[in-house]
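A quick write-up on the structure given underneath.
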Amino acid sequence: MVIVSQPVLENFANIKTCKPTSNIFTEIPTVDLSDPDAKTLIVEACKEFGFFKLINHGVPMEFMDRLEDDAMKFFNLPQPEKEKSGPPNPFGYGNKKIGPNGDVGWVEYLLFSTNPELFSQNGKFIIPGISESFWCFVNEYVSAVRNMACEVLEIIADELGIRPRNILSRLLRDEKSDSCFRLNHYPPCPELQALRGRNLIGFGDHTDPQIISIVRSNNTSGLQIALKDGTWVSVPSDHSSFFINVGDTLQVLTNGRFRSVRHRVLADCLNSRISMIFFGGPPLTEKITPLSSIMEQGEESLYNEFTWYDYKKSSYKTRLSDNRLGLFEK
Ligand code: GA4
């Protein structure tokens, strides 16, 4: 029998669990960015799953390793030290609480803006307690991953016949682009697993509001995606590849041709999971409406018109698992 002390139980009190699944997503669409067929495969995957794995992506492994090492150093600091970099609204360190509306998970994280104006003010970094080298690694990583995300968006534009081909990528390159970056740490949790035979939810199910999200993790699994029929499948980890999520905004820009993927992360019982996610978003004032070059004659938008500001504001009033786009469907 496993004896779990009362304070430990209280710590878990509001964190949800789920039944373990044996469904491994073995047929995960895998795209080699240097392959001439990449464009067809990417578009097919975005339509069917809103998700794919990217290999041969050109982002140097050392960028990921350096950042992962510094992130781990940060998350290994004593709790009071880490708290000095909080709270996470709008940017900074967060622990267990996700968003403003009562969601919780077995996760601690750092949330950054990728907008240089929000990075530092008067020569001082906005998040206290983050070393200069850590900031440099974040910057270096984010600009490499942003470039790669833009390449993917241009390939998508080519394949869907969207003109000009940079109409999506320019939203991420814009100096006012409202993109953000998140480092998540899911500590191992042997106690709870043994007690209930269930998995502890690290980050509850949700879709990402932005255009595209680029996920990279260490070799600890935990990410699951929901298939069209709602079945959850586990995505085997691969520390050298990226996993790409279609966000709600890209679903709207393609008038529902692409679907934003519902996903969640389960904590592992023995190993720490570290993930780094770039969320590519448009400028706040950008109107989010289906791109005219993909609309067929007579095709109507499935959504009421809104700006990214409207969507973001409305998203921050929702709970993590809510269907945020539903509020804007016609
Ligand atoms: C999900 C995607 C990103 O992680 C995030 C999250 C944000 C947060 O953690 O503060 C949100 C969530 C995310 C969607 C709905 C709102 C906002 C928590 C939440 C309950 C940074 C984002 O942009 O939206």
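Convention: chains lettered A, B, ... in structure tokens order; per-chain residue numbering from 1; ligands numbered from 1 as shown.
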
- [ ] Throw together the list of residues within 10 Å of ligand 1, counting only C-alpha atoms and all ligand atoms, and drop it here as a VMD selection string.
- [x] chain A and resid 88 to 91 94 97 to 104 109 to 113 178 to 184 203 to 210 213 247 277 to 281 312 to 324

Task: Spatial neighbours of Asp65 in chain A, 10 Å, only C-alpha atoms, chain gap at least 5 places, as a PyMOL selection string - done: chain A and resi 60+70-71+137+218+239-240

Export, as a PDB file, in the first residue's frame, the selected residues with N, CA and C atoms.
```
ATOM      1  N   PRO A  60      18.978  24.287 -35.474  1.00  0.00           N
ATOM      2  CA  PRO A  60      20.079  23.546 -34.862  1.00  0.00           C
ATOM      3  C   PRO A  60      19.704  22.972 -33.494  1.00  0.00           C
ATOM      4  N   ASP A  70      19.094  25.608 -19.602  1.00  0.00           N
ATOM      5  CA  ASP A  70      18.824  26.787 -18.776  1.00  0.00           C
ATOM      6  C   ASP A  70      17.429  26.725 -18.150  1.00  0.00           C
ATOM      7  N   ALA A  71      16.487  26.178 -18.898  1.00  0.00           N
ATOM      8  CA  ALA A  71      15.124  26.053 -18.367  1.00  0.00           C
ATOM      9  C   ALA A  71      15.144  25.106 -17.168  1.00  0.00           C
ATOM     10  N   PHE A 137      19.199  32.886 -25.026  1.00  0.00           N
ATOM     11  CA  PHE A 137      18.835  31.580 -25.602  1.00  0.00           C
ATOM     12  C   PHE A 137      17.376  31.566 -26.038  1.00  0.00           C
ATOM     13  N   ASN A 218      11.521  17.418 -24.498  1.00  0.00           N
ATOM     14  CA  ASN A 218      12.584  16.435 -24.273  1.00  0.00           C
ATOM     15  C   ASN A 218      11.995  15.044 -24.557  1.00  0.00           C
ATOM     16  N   HIS A 239      12.836  14.211 -29.204  1.00  0.00           N
ATOM     17  CA  HIS A 239      13.431  15.495 -28.821  1.00  0.00           C
ATOM     18  C   HIS A 239      14.084  16.242 -29.984  1.00  0.00           C
ATOM     19  N   SER A 240      14.272  15.556 -31.126  1.00  0.00           N
ATOM     20  CA  SER A 240      14.933  16.266 -32.229  1.00  0.00           C
ATOM     21  C   SER A 240      13.927  16.819 -33.249  1.00  0.00           C
TER      22      SER A 240
END
```

TODO: Write out as a ChimeraX atom specification the residues lying within 10 Å of Asp238 in chain A, counting only C-alpha atoms and excluding same-chain residues fewer than 6 positions away.
DONE: /A:53,55,216-221

- [ ] Extract, using only C-alpha atoms, all DNA, RNA and protein residues at most 12 Å from Tyr303 in chain A, discarding same-chain residues fewer than 5 positions from it, and format them as a ChimeraX atom specification.
- [x] /A:248-249,251-256,287-290,311,325-330

Can you tell me, as a compact mmCIF listing (two decimals) with N, CA and C atoms, in the first residue's frame, what residues are no more than 10 Å from Leu160 in chain A when counting only C-alpha atoms, ignoring any on the same chain fewer than 3 positions away?
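Result saved to part.txt:
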```txt
# COMPACT_ATOMS: atom_id res chain seq x y z
N LYS A 39 4.65 19.77 -49.07
CA LYS A 39 3.46 20.64 -49.10
C LYS A 39 2.14 19.86 -49.09
N THR A 40 2.12 18.76 -49.88
CA THR A 40 0.89 17.96 -49.91
C THR A 40 0.65 17.32 -48.54
N VAL A 43 -0.57 19.88 -45.84
CA VAL A 43 -1.98 20.30 -45.99
C VAL A 43 -2.94 19.15 -45.63
N GLU A 154 4.23 29.49 -45.49
CA GLU A 154 4.35 29.81 -46.92
C GLU A 154 4.11 28.56 -47.78
N ILE A 155 4.55 27.43 -47.29
CA ILE A 155 4.29 26.17 -48.00
C ILE A 155 2.78 25.91 -48.04
N ILE A 156 2.12 26.17 -46.92
CA ILE A 156 0.66 25.98 -46.85
C ILE A 156 -0.02 26.92 -47.86
N ALA A 157 0.44 28.19 -47.88
CA ALA A 157 -0.16 29.16 -48.80
C ALA A 157 0.00 28.68 -50.25
N ARG A 163 -2.71 33.74 -52.26
CA ARG A 163 -1.82 34.78 -52.79
C ARG A 163 -1.98 36.08 -52.03
N ARG A 165 1.98 34.71 -51.24
CA ARG A 165 2.33 33.54 -50.42
C ARG A 165 2.75 33.90 -48.99
N THR A 254 -8.77 29.60 -42.93
CA THR A 254 -8.99 28.62 -44.01
C THR A 254 -10.48 28.24 -44.10
N ARG A 257 -11.27 24.62 -43.40
CA ARG A 257 -10.59 23.52 -44.13
C ARG A 257 -9.58 22.85 -43.22
N SER A 293 -8.67 34.44 -51.20
CA SER A 293 -8.15 33.62 -52.30
C SER A 293 -8.46 32.13 -52.17
N ILE A 294 -8.94 31.69 -51.02
CA ILE A 294 -9.28 30.26 -50.97
C ILE A 294 -10.79 30.02 -51.07
```

- [ ] List every residue of range 68-267 of chain A that DSSP, applied to the backbone of this structure, assigns to strand (DSSP E), and report them as a ChimeraX atom specification.
- [x] /A:92-98,103-113,120-121,124-125,180-186,199-206,212-217,223-226,232-234,242-246,263-266

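Using only C-alpha atoms, the shortest contact distance between Gly58 in chain A and any of A:Cys18, A:Val261, A:Ile126, A:Val145 is found at A:Val145.
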
Task: Atom pair CA of Leu291 in chain A / CA of Leu33 in chain A: separation (Å) - done: 24.5 Å
